[in-house]
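Note: the block below is my_file.cif and it holds mmCIF, C-alpha atoms.
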```cif
data_upload
#
loop_
_atom_site.label_atom_id
_atom_site.label_comp_id
_atom_site.auth_asym_id
_atom_site.auth_seq_id
_atom_site.Cartn_x
_atom_site.Cartn_y
_atom_site.Cartn_z
CA MET A 20 0.00 0.00 0.00
CA HIS A 21 1.45 3.34 -1.12
CA PRO A 22 -1.05 6.13 -0.42
CA SER A 23 -0.65 9.17 -2.62
CA PRO A 24 1.15 12.15 -1.05
CA ASP A 25 -0.80 14.56 -3.34
CA PRO A 26 -3.34 16.62 -1.30
CA GLY A 27 -5.49 16.97 -4.44
CA ILE A 28 -5.85 13.20 -4.72
CA TRP A 29 -6.77 13.04 -1.01
CA LEU A 30 -9.42 15.74 -1.47
CA ALA A 31 -10.85 13.95 -4.54
CA ALA A 32 -10.86 10.62 -2.65
CA ILE A 33 -12.65 12.10 0.38
CA LEU A 34 -15.24 13.72 -1.90
CA THR A 35 -15.72 10.41 -3.75
CA LEU A 36 -16.29 8.54 -0.47
CA ALA A 37 -18.63 11.29 0.72
CA GLY A 38 -20.58 10.88 -2.53
CA PHE A 39 -20.81 7.10 -2.14
CA SER A 40 -22.03 7.52 1.45
CA PHE A 41 -25.41 8.44 -0.08
CA LEU A 42 -25.88 4.74 -0.84
CA TRP A 43 -26.31 4.27 2.90
CA ARG A 44 -28.65 7.27 3.26
CA ASP A 45 -28.69 11.05 2.96
CA ASN A 46 -26.08 12.34 5.44
CA PRO A 47 -24.03 15.47 6.25
CA PHE A 48 -20.92 14.19 4.39
CA PHE A 49 -22.90 13.80 1.19
CA LYS A 50 -24.53 17.20 1.64
CA VAL A 51 -21.16 18.90 2.11
CA MET A 52 -19.86 17.24 -1.06
CA GLU A 53 -23.07 18.10 -2.96
CA HIS A 54 -22.98 21.81 -2.01
CA MET A 55 -19.27 22.02 -2.72
CA LEU A 56 -19.91 20.56 -6.17
CA VAL A 57 -22.75 23.01 -6.85
CA GLY A 58 -20.60 25.99 -5.83
CA VAL A 59 -17.51 24.91 -7.75
CA SER A 60 -19.52 24.01 -10.89
CA ALA A 61 -21.39 27.33 -10.85
CA GLY A 62 -18.11 29.19 -10.39
CA TYR A 63 -16.44 27.17 -13.13
CA TYR A 64 -19.09 27.91 -15.76
CA LEU A 65 -19.35 31.54 -14.68
CA VAL A 66 -15.63 32.09 -15.20
CA GLN A 67 -15.62 30.14 -18.48
CA TYR A 68 -18.46 32.20 -19.97
CA ALA A 69 -17.17 35.45 -18.54
CA TYR A 70 -13.95 34.81 -20.45
CA SER A 71 -15.20 33.16 -23.66
CA ALA A 72 -18.39 35.21 -24.09
CA LEU A 73 -18.19 38.51 -22.23
CA TYR A 74 -14.48 39.15 -22.70
CA LYS A 75 -13.84 37.64 -26.14
CA LYS A 76 -17.20 38.39 -27.78
CA LEU A 77 -18.08 41.70 -26.16
CA TYR A 78 -15.13 43.48 -24.53
CA VAL A 79 -12.63 42.77 -27.32
CA PRO A 80 -14.84 43.80 -30.30
CA LEU A 81 -16.44 46.78 -28.51
CA VAL A 82 -13.59 48.25 -26.44
CA VAL A 83 -10.39 46.92 -28.03
CA GLN A 84 -11.47 46.94 -31.71
CA GLY A 85 -13.96 49.80 -31.37
CA ASN A 86 -16.80 48.06 -33.24
CA LEU A 87 -19.77 50.15 -32.10
CA LEU A 88 -22.28 47.63 -33.44
CA PHE A 89 -21.48 45.59 -30.34
CA ALA A 90 -22.92 48.38 -28.17
CA GLY A 91 -26.30 46.90 -29.13
CA CYS A 92 -25.08 43.58 -27.83
CA ALA A 93 -24.00 45.23 -24.56
CA ILE A 94 -27.45 46.84 -24.18
CA LEU A 95 -29.13 43.50 -24.89
CA GLY A 96 -26.89 41.85 -22.30
CA LEU A 97 -27.66 44.53 -19.71
CA MET A 98 -31.40 44.09 -20.32
CA VAL A 99 -31.08 40.52 -19.03
CA PHE A 100 -30.35 41.94 -15.57
CA ALA A 101 -33.79 43.57 -15.52
CA ARG A 102 -34.96 40.10 -14.51
CA LEU A 103 -33.70 40.88 -11.01
CA PHE A 104 -36.10 43.86 -10.66
CA PRO A 105 -39.76 42.76 -10.77
CA LYS A 106 -41.08 46.15 -11.98
CA ARG A 107 -38.69 46.25 -14.92
CA SER A 108 -38.44 42.53 -15.59
CA TRP A 109 -40.34 42.91 -18.90
CA LEU A 110 -37.18 44.46 -20.35
CA SER A 111 -35.52 41.04 -20.17
CA ARG A 112 -38.01 39.80 -22.80
CA TYR A 113 -35.95 41.48 -25.53
CA PRO A 114 -32.76 39.44 -25.03
CA VAL A 115 -34.84 36.33 -24.36
CA ALA A 116 -36.82 36.87 -27.60
CA PHE A 117 -33.56 37.46 -29.48
CA TYR A 118 -31.93 34.35 -28.04
CA VAL A 119 -34.93 32.05 -28.51
CA ALA A 120 -35.67 33.26 -32.04
CA ALA A 121 -32.03 33.03 -33.14
CA GLY A 122 -31.96 29.46 -31.83
CA ALA A 123 -35.31 28.64 -33.46
CA GLY A 124 -34.31 30.12 -36.83
CA TYR A 125 -30.97 28.37 -36.74
CA SER A 126 -32.55 25.05 -35.79
CA ILE A 127 -35.09 24.87 -38.64
CA PRO A 128 -32.73 24.16 -41.57
CA SER A 129 -30.15 22.35 -39.45
CA THR A 130 -32.74 20.13 -37.73
CA ILE A 131 -34.41 19.21 -41.00
CA GLN A 132 -31.04 18.39 -42.49
CA ALA A 133 -29.52 16.45 -39.58
CA ARG A 134 -32.50 14.88 -37.84
CA VAL A 135 -34.90 14.28 -40.72
CA VAL A 136 -33.28 14.16 -44.18
CA LYS A 137 -29.99 12.58 -43.09
CA GLN A 138 -31.72 9.98 -40.92
CA MET A 139 -34.10 9.07 -43.75
CA GLN A 140 -31.23 8.95 -46.22
CA VAL A 141 -29.09 6.50 -44.22
CA THR A 142 -32.15 4.36 -43.54
CA MET A 143 -33.52 4.13 -47.08
CA VAL A 144 -30.68 4.58 -49.55
CA ASN A 145 -29.03 1.26 -50.52
CA PHE A 146 -30.23 -0.58 -47.45
CA LEU A 147 -30.32 -3.84 -49.44
CA ASP A 148 -26.85 -3.34 -50.94
CA GLN A 149 -24.91 -4.58 -47.90
CA GLY A 150 -22.80 -7.53 -49.04
CA SER A 151 -23.87 -10.51 -46.91
CA VAL A 152 -27.33 -12.04 -46.45
CA ILE A 153 -27.33 -11.25 -42.71
CA ALA A 154 -26.45 -7.62 -43.46
CA VAL A 155 -29.26 -7.37 -46.04
CA ILE A 156 -31.80 -8.82 -43.56
CA SER A 157 -30.50 -6.50 -40.85
CA GLY A 158 -30.71 -3.50 -43.21
CA PHE A 159 -34.28 -4.45 -44.10
CA LEU A 160 -35.20 -4.81 -40.40
CA LEU A 161 -33.70 -1.38 -39.73
CA PHE A 162 -35.78 0.14 -42.54
CA LEU A 163 -38.92 -1.69 -41.39
CA GLY A 164 -38.27 -0.62 -37.78
CA VAL A 165 -37.92 3.08 -38.65
CA VAL A 166 -41.06 3.09 -40.81
CA THR A 167 -43.16 1.21 -38.24
CA VAL A 168 -41.93 3.36 -35.34
CA LEU A 169 -43.03 6.43 -37.30
CA LEU A 170 -46.39 4.77 -38.00
CA TYR A 171 -46.77 4.02 -34.29
CA PHE A 172 -46.56 7.77 -33.62
CA PHE A 173 -49.07 8.55 -36.40
CA PHE A 174 -52.25 9.43 -34.52
CA SER A 175 -54.34 10.89 -37.35
CA ALA A 176 -55.91 7.48 -38.07
CA GLU A 177 -57.13 4.71 -35.80
CA HIS A 178 -54.57 1.94 -35.31
CA ARG A 179 -56.55 -0.87 -36.97
CA GLY A 180 -55.92 -3.18 -39.91
CA VAL A 181 -52.62 -2.60 -41.72
CA LEU A 182 -51.80 0.46 -39.60
CA GLY A 183 -52.54 -1.52 -36.43
CA ALA A 184 -50.24 -4.36 -37.48
CA ALA A 185 -47.50 -1.93 -38.49
CA SER A 186 -47.76 -0.02 -35.21
CA LYS A 187 -47.44 -3.33 -33.33
CA ILE A 188 -44.15 -3.99 -35.11
CA GLY A 189 -43.23 -0.40 -34.24
CA ILE A 190 -43.83 -0.92 -30.54
CA VAL A 191 -41.78 -4.14 -30.61
CA THR A 192 -38.92 -2.18 -32.18
CA LEU A 193 -39.32 0.58 -29.61
CA MET A 194 -39.28 -1.87 -26.70
CA ILE A 195 -36.11 -3.58 -27.95
CA GLY A 196 -34.57 -0.13 -28.48
CA PHE A 197 -35.55 1.13 -25.02
CA GLY A 198 -34.21 -2.05 -23.40
CA ALA A 199 -30.93 -1.72 -25.28
CA SER A 200 -30.63 1.99 -24.43
CA PHE A 201 -31.33 1.18 -20.78
CA GLY A 202 -28.68 -1.57 -20.73
CA TYR A 203 -26.20 0.72 -22.44
CA THR A 204 -26.87 3.54 -19.94
CA VAL A 205 -26.45 1.19 -16.97
CA MET A 206 -23.16 -0.07 -18.37
CA SER A 207 -21.86 3.46 -18.97
CA ARG A 208 -22.67 4.32 -15.34
CA ILE A 209 -20.98 1.10 -14.19
CA THR A 210 -17.92 2.14 -16.21
CA LEU A 211 -17.85 5.42 -14.27
CA LEU A 212 -18.22 3.45 -11.02
CA ILE A 213 -15.29 1.21 -11.96
CA GLY A 214 -13.31 4.36 -12.78
CA ARG A 215 -14.00 5.74 -9.31
CA PHE A 216 -12.90 2.46 -7.67
CA GLN A 217 -9.76 2.40 -9.81
CA PHE A 218 -9.07 5.92 -8.61
CA LEU A 219 -9.63 5.01 -4.95
CA LEU A 220 -7.65 1.77 -5.02
CA GLY A 221 -4.99 2.86 -7.50
CA ASP A 222 -4.34 6.62 -7.51
CA TRP A 223 -5.24 7.14 -3.86
CA LEU A 224 -4.26 3.99 -1.91
CA GLY A 225 -1.76 2.59 -4.40
CA PHE A 226 -3.10 -0.98 -4.35
CA LEU A 227 -3.31 -1.31 -8.12
CA MET B 7 -46.69 47.34 -27.10
CA PHE B 8 -43.13 47.62 -25.73
CA ARG B 9 -43.75 44.75 -23.34
CA ARG B 10 -45.05 42.07 -25.73
CA THR B 11 -45.49 43.21 -29.34
CA ILE B 12 -42.00 44.53 -30.04
CA PRO B 13 -40.24 41.49 -28.49
CA THR B 14 -42.47 39.29 -30.73
CA ILE B 15 -41.53 41.36 -33.80
CA LEU B 16 -37.86 41.14 -32.81
CA ALA B 17 -38.22 37.35 -32.58
CA PHE B 18 -39.81 37.26 -36.04
CA VAL B 19 -37.08 39.37 -37.66
CA VAL B 20 -34.20 37.47 -36.03
CA GLY B 21 -35.79 34.07 -36.73
CA VAL B 22 -36.49 34.83 -40.41
CA PHE B 23 -32.96 36.21 -40.81
CA MET B 24 -31.44 33.01 -39.39
CA ILE B 25 -33.43 30.90 -41.89
CA VAL B 26 -32.65 33.17 -44.87
CA GLN B 27 -28.90 33.29 -44.19
CA PHE B 28 -28.80 29.48 -44.41
CA PHE B 29 -30.00 29.58 -48.02
CA VAL B 30 -28.25 32.81 -49.13
CA PRO B 31 -24.48 32.53 -48.57
CA HIS B 32 -23.82 36.25 -49.23
CA PRO B 33 -20.78 37.69 -47.38
CA VAL B 34 -22.87 40.46 -45.77
CA LEU B 35 -25.38 37.91 -44.45
CA GLN B 36 -22.56 35.68 -43.24
CA THR B 37 -21.01 38.60 -41.31
CA LEU B 38 -24.38 39.42 -39.76
CA TYR B 39 -24.93 35.74 -38.99
CA ASN B 40 -21.60 35.50 -37.16
CA MET B 41 -22.49 38.65 -35.26
CA VAL B 42 -25.85 37.18 -34.19
CA LEU B 43 -24.03 34.07 -32.94
CA ASP B 44 -21.61 36.27 -30.94
CA TRP B 45 -24.48 38.28 -29.49
CA LYS B 46 -26.22 35.04 -28.57
CA GLN B 47 -23.17 33.97 -26.58
CA VAL B 48 -23.02 37.31 -24.79
CA VAL B 49 -26.72 37.10 -23.88
CA PHE B 50 -26.15 33.57 -22.61
CA GLY B 51 -23.18 34.76 -20.53
CA CYS B 52 -25.39 37.46 -18.96
CA VAL B 53 -28.15 34.90 -18.30
CA LEU B 54 -25.58 32.74 -16.55
CA ILE B 55 -24.57 35.68 -14.34
CA VAL B 56 -28.22 36.34 -13.47
CA GLY B 57 -28.65 32.64 -12.65
CA THR B 58 -25.58 32.69 -10.42
CA LEU B 59 -26.79 35.86 -8.68
CA THR B 60 -30.11 34.13 -8.01
CA LEU B 61 -28.21 31.15 -6.55
CA VAL B 62 -26.14 33.50 -4.35
CA ARG B 63 -29.29 35.32 -3.22
CA HIS B 64 -31.02 32.01 -2.37
CA HIS B 65 -28.11 30.84 -0.20
CA ALA B 66 -27.54 34.31 1.30
CA VAL B 67 -31.17 34.38 2.49
CA ARG B 68 -30.74 30.93 4.03
CA ILE B 69 -27.62 32.09 5.88
CA ARG B 70 -29.10 35.42 6.95
CA PHE B 71 -32.19 33.87 8.54
CA ARG B 72 -30.21 30.89 9.93
CA LYS B 73 -32.50 28.40 8.21
CA GLN B 74 -32.02 24.70 8.88
CA GLY B 75 -28.85 23.46 7.17
CA TYR B 76 -27.55 26.98 6.45
CA GLY B 77 -24.01 25.68 6.99
CA TYR B 78 -24.27 23.89 3.63
CA SER B 79 -25.17 27.22 2.02
CA VAL B 80 -21.95 28.66 3.46
CA ILE B 81 -20.02 25.80 1.81
CA ALA B 82 -21.77 26.39 -1.53
CA LEU B 83 -21.04 30.12 -1.47
CA VAL B 84 -17.43 29.71 -0.33
CA SER B 85 -16.84 27.16 -3.13
CA LEU B 86 -18.45 29.45 -5.68
CA PHE B 87 -16.45 32.53 -4.66
CA ALA B 88 -13.24 30.51 -4.37
CA MET B 89 -13.66 29.30 -7.95
CA VAL B 90 -14.48 32.77 -9.29
CA LEU B 91 -11.60 34.33 -7.37
CA ALA B 92 -9.21 31.62 -8.56
CA GLY B 93 -10.18 32.21 -12.19
CA ALA B 94 -10.08 36.01 -11.86
CA VAL B 95 -6.73 36.25 -10.03
CA TRP B 96 -4.64 33.34 -11.36
CA GLY B 97 -6.36 32.81 -14.73
CA ILE B 98 -8.03 29.72 -16.13
CA GLU B 99 -4.95 27.95 -17.47
CA LYS B 100 -2.97 27.38 -14.27
CA GLY B 101 -3.21 27.79 -10.51
CA PRO B 102 -6.13 26.91 -8.24
CA TYR B 103 -8.83 27.19 -10.93
CA PRO B 104 -7.88 24.04 -12.93
CA TRP B 105 -6.80 22.39 -9.63
CA LEU B 106 -10.31 22.78 -8.18
CA PHE B 107 -11.76 21.58 -11.48
CA ASP B 108 -9.55 18.46 -11.51
CA TYR B 109 -9.87 17.53 -7.83
CA VAL B 110 -13.38 18.69 -6.91
CA GLN B 111 -15.57 19.04 -9.99
CA ILE B 112 -14.41 16.03 -12.03
CA PRO B 113 -14.45 13.46 -9.16
CA GLY B 114 -17.68 14.95 -7.80
CA GLN B 115 -19.50 14.70 -11.12
CA ALA B 116 -18.13 11.22 -11.87
CA THR B 117 -19.25 10.01 -8.42
CA MET B 118 -22.73 11.50 -8.86
CA PHE B 119 -23.17 9.84 -12.26
CA SER B 120 -21.78 6.52 -11.05
CA LEU B 121 -24.32 6.63 -8.18
CA LEU B 122 -27.02 6.74 -10.84
CA GLY B 123 -25.93 3.23 -11.89
CA PHE B 124 -27.16 1.89 -8.54
CA PHE B 125 -30.44 3.76 -8.69
CA ILE B 126 -31.16 2.77 -12.30
CA ALA B 127 -30.40 -0.87 -11.46
CA THR B 128 -32.65 -0.89 -8.36
CA ALA B 129 -35.43 0.92 -10.26
CA ALA B 130 -35.14 -1.69 -13.01
CA TYR B 131 -35.29 -4.51 -10.47
CA ARG B 132 -38.57 -3.10 -9.16
CA SER B 133 -40.19 -2.24 -12.49
CA PHE B 134 -38.83 -4.77 -15.02
CA ARG B 135 -41.27 -7.66 -14.99
CA ALA B 136 -41.92 -10.02 -17.89
CA ARG B 137 -45.68 -9.38 -17.73
CA ASN B 138 -46.32 -9.54 -21.50
CA VAL B 139 -44.46 -9.92 -24.80
CA THR B 140 -43.34 -6.29 -25.13
CA ALA B 141 -42.19 -6.06 -21.48
CA THR B 142 -40.27 -9.32 -21.99
CA LEU B 143 -38.57 -7.87 -25.09
CA LEU B 144 -37.57 -4.79 -23.10
CA LEU B 145 -36.15 -6.96 -20.33
CA LEU B 146 -34.34 -9.34 -22.70
CA SER B 147 -32.70 -6.67 -24.83
CA GLY B 148 -31.58 -4.81 -21.68
CA VAL B 149 -30.08 -7.96 -20.18
CA ILE B 150 -28.37 -8.96 -23.46
CA VAL B 151 -26.81 -5.51 -23.89
CA MET B 152 -25.63 -5.44 -20.25
CA LEU B 153 -24.13 -8.94 -20.41
CA GLY B 154 -22.74 -8.35 -23.89
CA ARG B 155 -20.79 -5.29 -22.71
CA VAL B 156 -18.73 -7.23 -20.15
CA PRO B 157 -15.85 -9.64 -20.94
CA ALA B 158 -17.97 -12.66 -19.86
CA GLY B 159 -20.41 -11.81 -22.69
CA GLU B 160 -17.83 -12.95 -25.25
CA HIS B 161 -17.85 -16.45 -23.76
CA ILE B 162 -21.64 -16.88 -23.46
CA ALA B 163 -23.32 -17.88 -26.71
CA VAL B 164 -26.95 -18.23 -27.80
CA ALA B 165 -27.44 -20.45 -30.90
CA GLY B 166 -23.75 -20.07 -31.77
CA VAL B 167 -23.79 -16.27 -31.50
CA SER B 168 -21.91 -14.69 -28.60
CA LEU B 169 -23.84 -12.27 -26.38
CA SER B 170 -21.25 -9.65 -27.25
CA ASP B 171 -22.07 -9.90 -30.99
CA LEU B 172 -25.79 -10.08 -30.26
CA ALA B 173 -25.57 -6.93 -28.11
CA THR B 174 -23.72 -5.13 -30.91
CA TRP B 175 -26.37 -6.24 -33.43
CA ILE B 176 -29.20 -5.06 -31.16
CA LEU B 177 -27.51 -1.70 -30.68
CA ASP B 178 -26.79 -1.32 -34.41
CA TYR B 179 -30.17 -2.37 -35.83
CA PRO B 180 -33.34 -2.50 -33.65
CA ASN B 181 -32.00 0.15 -31.26
CA ASN B 182 -30.89 2.31 -34.18
CA ALA B 183 -34.30 1.89 -35.85
CA ALA B 184 -36.11 3.02 -32.70
CA LYS B 185 -33.71 5.95 -32.24
CA ARG B 186 -34.03 7.06 -35.86
CA GLY B 187 -37.81 6.87 -35.76
CA ILE B 188 -37.84 8.99 -32.61
CA LEU B 189 -35.19 11.39 -34.01
CA ILE B 190 -37.24 11.99 -37.16
CA GLY B 191 -40.36 12.61 -35.05
CA VAL B 192 -38.45 14.91 -32.69
CA GLY B 193 -36.91 16.76 -35.66
CA LEU B 194 -40.34 17.42 -37.18
CA GLY B 195 -41.66 18.50 -33.76
CA MET B 196 -38.71 20.85 -33.20
CA THR B 197 -39.18 22.40 -36.63
CA SER B 198 -42.89 23.04 -36.08
CA THR B 199 -42.23 24.51 -32.61
CA ALA B 200 -39.46 26.74 -34.00
CA LEU B 201 -41.83 27.95 -36.73
CA LYS B 202 -44.52 28.68 -34.13
CA ILE B 203 -42.01 30.73 -32.13
CA ILE B 204 -40.90 32.74 -35.15
CA ILE B 205 -44.41 33.38 -36.43
CA GLY B 206 -45.50 34.39 -32.92
CA ILE B 207 -48.04 31.64 -32.19
CA GLU B 208 -45.86 30.28 -29.37
CA ARG B 209 -44.98 33.07 -26.93
CA SER B 210 -44.62 31.26 -23.63
CA TYR B 211 -40.93 32.21 -23.54
CA LEU B 212 -42.05 35.82 -22.89
CA GLY B 213 -43.59 34.77 -19.58
CA LYS B 214 -46.91 35.70 -18.05
CA GLY B 215 -48.34 39.16 -17.35
CA ASP B 216 -47.96 42.39 -19.32
#
```

Can you present the structure in this file as structure tokens?
Amino acid sequence: MHPSPDPGIWLAAILTLAGFSFLWRDNPFFKVMEHMLVGVSAGYYLVQYAYSALYKKLYVPLVVQGNLLFAGCAILGLMVFARLFPKRSWLSRYPVAFYVAAGAGYSIPSTIQARVVKQMQVTMVNFLDQGSVIAVISGFLLFLGVVTVLLYFFFSAEHRGVLGAASKIGIVTLMIGFGASFGYTVMSRITLLIGRFQFLLGDWLGFL
Amino acid sequence: MFRRTIPTILAFVVGVFMIVQFFVPHPVLQTLYNMVLDWKQVVFGCVLIVGTLTLVRHHAVRIRFRKQGYGYSVIALVSLFAMVLAGAVWGIEKGPYPWLFDYVQIPGQATMFSLLGFFIATAAYRSFRARNVTATLLLLSGVIVMLGRVPAGEHIAVAGVSLSDLATWILDYPNNAAKRGILIGVGLGMTSTALKIIIGIERSYLGKGD
């Protein structure tokens, strides 16, 4: 056993153990770790955005480069703080409207391209041209699965007859997919858990 | 008018501009587009400050009125100010700022997410029951993927196919089919919601009241 002499490793190990103590029940050690994490995370993102957004995207163009167009951006940014004053909080609707609409306008073409057209393209184009018989069957099942899942979410007609049968295949596909996603999520969390134990037994205590 | 109508008009103008610039790659539009993206980041930065101020106010009130567990609020505020101070004084590249990130934030987040593994597993134990065909399929595919992702999965075979290969096939085909179907549906839903926002039918983001 060769415990690490690094105080940072000791702090990380104590916080890890405090986090795991929640498996027993909610307790003061966990709460200390939880509040420390909240404070440090909030501070981390605040500093990151203060540097990458406010300094690089506002201070540099407006003050250093003298681009007066960015004065509008500064006013919009200041209007956000009206949220803190109930009587003037309506002023914050301007930056919110700007932000939401810019995101909405940006998302329309990009969403259609990435989430609709591209997904349809990789599902439909050449799905039978795969090489082996297994791959062709799998490609066909993928195509059938996507179509039937979409039909399952089609509520403009009653799910009877052909539509009913197709939606049943759709729900089978969805259930297999949900089960697989669940299993995958559990395993990714287990991987993190193993990582924490490797840290405790290896980096901290020096057993590994 | 200034409280609701003009913000709605602003949303319409900005939204239409963002769509148009995608189809018209003119240099002027591209410059304006980059500027809108920069402005968006600045607005987000200000929103983050307002959010942090609200967090500080919440904990400050707890400390001021000595509410139960106010000591934890002290810890949260001290951690927050320590991080901000570290970044402001020593910079973000070296010193206590990356140190706190490496030894507090990273292990803390990893521990929190690894705890979720236990809770997901116990929730599954309570809710996963092979009551009917679809529930059985959910259970089976979950079990196959979990077993297939560990080294033992390579040595367990069903009809000559290892669980590892079966898990990969399930993830690549049925799981992909379900995900794509949902993605296409979500994509269409997002597009219609975005259009409603731009046109002004959806205004909940403006909040209630005048």

- Task: Decode the PyMOL selection byres ((chain B and resi 11) around 12) for the given file into explicit residues and return them as a list in words.
- Result: Trp109, Arg112, Tyr113 and Ala116 of chain A; Met7, Phe8, Arg9, Arg10, Ile12, Pro13, Thr14, Ile15, Leu16, Ala17, Phe18, Gly206, Arg209, Leu212 and Asp216 of chain B

- Using all atoms listed in the file, the residue out of B:Glu99, B:Gln111, B:Val62, B:Gly215 with shortest distance to Leu83 of chain B is B:Val62

- Query: Using all atoms listed in the file, which of B:Ile112, B:Gly57, B:Gly187, B:Gly75 sits nearest chain A?
  - Reply: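 With all atoms listed in the file as the atom set, the closest residue is B:Gly187.
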
- Message: Just the number, please: distance in Å from atom CA of Lys76 of chain A to atom CA of Lys46 of chain B, one decimal.
- Response: 9.7 Å

Find the nearest atom pair between each residue of segment 56-141 of chain B and segment 183-196 of chain A for residues within 12 Å, count all atoms listed in the file, give distances in Å to one decimal, sort rows by chain and ascending number, and present the table as CSV.
```
residue,atom,partner,partner_atom,distance
B:Asn138,CA,A:Val191,CA,11.5
B:Val139,CA,A:Val191,CA,8.6
B:Thr140,CA,A:Val191,CA,6.1
B:Ala141,CA,A:Met194,CA,7.3
```

What does the file look like for those residues with C-alpha atoms, as a short mmCIF file (atom, residue, chain, number, x, y, z; two decimals), in the frame of the given file?
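Saved as part_9.cif:
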```cif
data_model
loop_
_atom_site.label_atom_id
_atom_site.label_comp_id
_atom_site.auth_asym_id
_atom_site.auth_seq_id
_atom_site.Cartn_x
_atom_site.Cartn_y
_atom_site.Cartn_z
CA ASN B 138 -46.32 -9.54 -21.50
CA VAL B 139 -44.46 -9.92 -24.80
CA THR B 140 -43.34 -6.29 -25.13
CA ALA B 141 -42.19 -6.06 -21.48
#
```

- Query: Given the file above and the PyMOL selection byres ((chain A and resi 32) around 12), which residues are selected, and can you give them as JSON, numbers by chain?
  - Reply: {"A": [22, 23, 25, 26, 27, 28, 29, 30, 31, 33, 34, 35, 36, 37, 38, 39, 52, 215, 216, 217, 218, 219, 220, 221, 222, 223, 224], "B": [108, 109, 110, 112, 113, 114, 116, 117]}

Selection to disk with C-alpha atoms, as a short mmCIF file (atom, residue, chain, number, x, y, z; two decimals), in the coordinates of the input:
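Saved file out-v4.cif follows:
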```cif
data_model
loop_
_atom_site.label_atom_id
_atom_site.label_comp_id
_atom_site.auth_asym_id
_atom_site.auth_seq_id
_atom_site.Cartn_x
_atom_site.Cartn_y
_atom_site.Cartn_z
CA PRO A 22 -1.05 6.13 -0.42
CA SER A 23 -0.65 9.17 -2.62
CA ASP A 25 -0.80 14.56 -3.34
CA PRO A 26 -3.34 16.62 -1.30
CA GLY A 27 -5.49 16.97 -4.44
CA ILE A 28 -5.85 13.20 -4.72
CA TRP A 29 -6.77 13.04 -1.01
CA LEU A 30 -9.42 15.74 -1.47
CA ALA A 31 -10.85 13.95 -4.54
CA ILE A 33 -12.65 12.10 0.38
CA LEU A 34 -15.24 13.72 -1.90
CA THR A 35 -15.72 10.41 -3.75
CA LEU A 36 -16.29 8.54 -0.47
CA ALA A 37 -18.63 11.29 0.72
CA GLY A 38 -20.58 10.88 -2.53
CA PHE A 39 -20.81 7.10 -2.14
CA MET A 52 -19.86 17.24 -1.06
CA ARG A 215 -14.00 5.74 -9.31
CA PHE A 216 -12.90 2.46 -7.67
CA GLN A 217 -9.76 2.40 -9.81
CA PHE A 218 -9.07 5.92 -8.61
CA LEU A 219 -9.63 5.01 -4.95
CA LEU A 220 -7.65 1.77 -5.02
CA GLY A 221 -4.99 2.86 -7.50
CA ASP A 222 -4.34 6.62 -7.51
CA TRP A 223 -5.24 7.14 -3.86
CA LEU A 224 -4.26 3.99 -1.91
CA ASP B 108 -9.55 18.46 -11.51
CA TYR B 109 -9.87 17.53 -7.83
CA VAL B 110 -13.38 18.69 -6.91
CA ILE B 112 -14.41 16.03 -12.03
CA PRO B 113 -14.45 13.46 -9.16
CA GLY B 114 -17.68 14.95 -7.80
CA ALA B 116 -18.13 11.22 -11.87
CA THR B 117 -19.25 10.01 -8.42
#
```

- Report as a ChimeraX atom specification the full result of the PyMOL selection byres ((chain B) within 6 of (chain A)) when it is applied to this structure. /B:9,13,17,20-21,24-25,44-49,51-52,81-82,85-86,89-90,109-111,113,117,120,123,143-144,147-148,151-152,179-181,183-184,187,189-190,193,197,200,212

- d(atom CA of Thr199 of chain B, atom CA of Tyr211 of chain B) in Å: 12.0 Å

Draw an axis-aligned box tight on the listed atoms of segment 59-76 of chain B, then pad every side by 4 Å and write out centre and edge lengths in Å to one decimal as JSON.
```
{"center_x": -29.3, "center_y": 29.7, "center_z": 0.6, "size_x": 14.4, "size_y": 20.4, "size_z": 26.6}
```

- Item | Separation of atom CA of Tyr78 of chain B from atom CA of Ile55 of chain B, in Å and rounded to one decimal |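 Interatomic distance, atom CA of Tyr78 of chain B to atom CA of Ile55 of chain B: 21.5 Å.
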
- Message: Taking 5 positions as the minimum chain separation for residues in the same chain, which residues sit within 6 Å of Gly159 of chain B when counting all atoms listed in the file? Answer as a list of chain:residue names.
- Response: B:Leu153, B:Gly154, B:Leu169, B:Ser170

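Remark: for Val56 of chain B, the closest of the candidate residues A:Ile156, A:His21, A:Asn46, A:Phe104 is A:Phe104 (distances computed over all atoms listed in the file).
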
Output file: segment 11-15 of chain B, N, CA and C atoms, as a tab-separated table (two decimals), in the first residue's frame:
```tsv
chain	number	residue	atom	x	y	z
B	11	THR	N	-45.45	43.17	-27.87
B	11	THR	CA	-45.49	43.21	-29.34
B	11	THR	C	-44.09	43.35	-29.95
B	12	ILE	N	-43.33	44.31	-29.44
B	12	ILE	CA	-42.00	44.53	-30.04
B	12	ILE	C	-41.06	43.33	-29.83
B	13	PRO	N	-41.06	42.72	-28.61
B	13	PRO	CA	-40.24	41.49	-28.49
B	13	PRO	C	-40.67	40.40	-29.49
B	14	THR	N	-41.99	40.30	-29.77
B	14	THR	CA	-42.47	39.29	-30.73
B	14	THR	C	-41.98	39.63	-32.14
B	15	ILE	N	-42.01	40.93	-32.47
B	15	ILE	CA	-41.53	41.36	-33.80
B	15	ILE	C	-40.03	41.10	-33.91
```
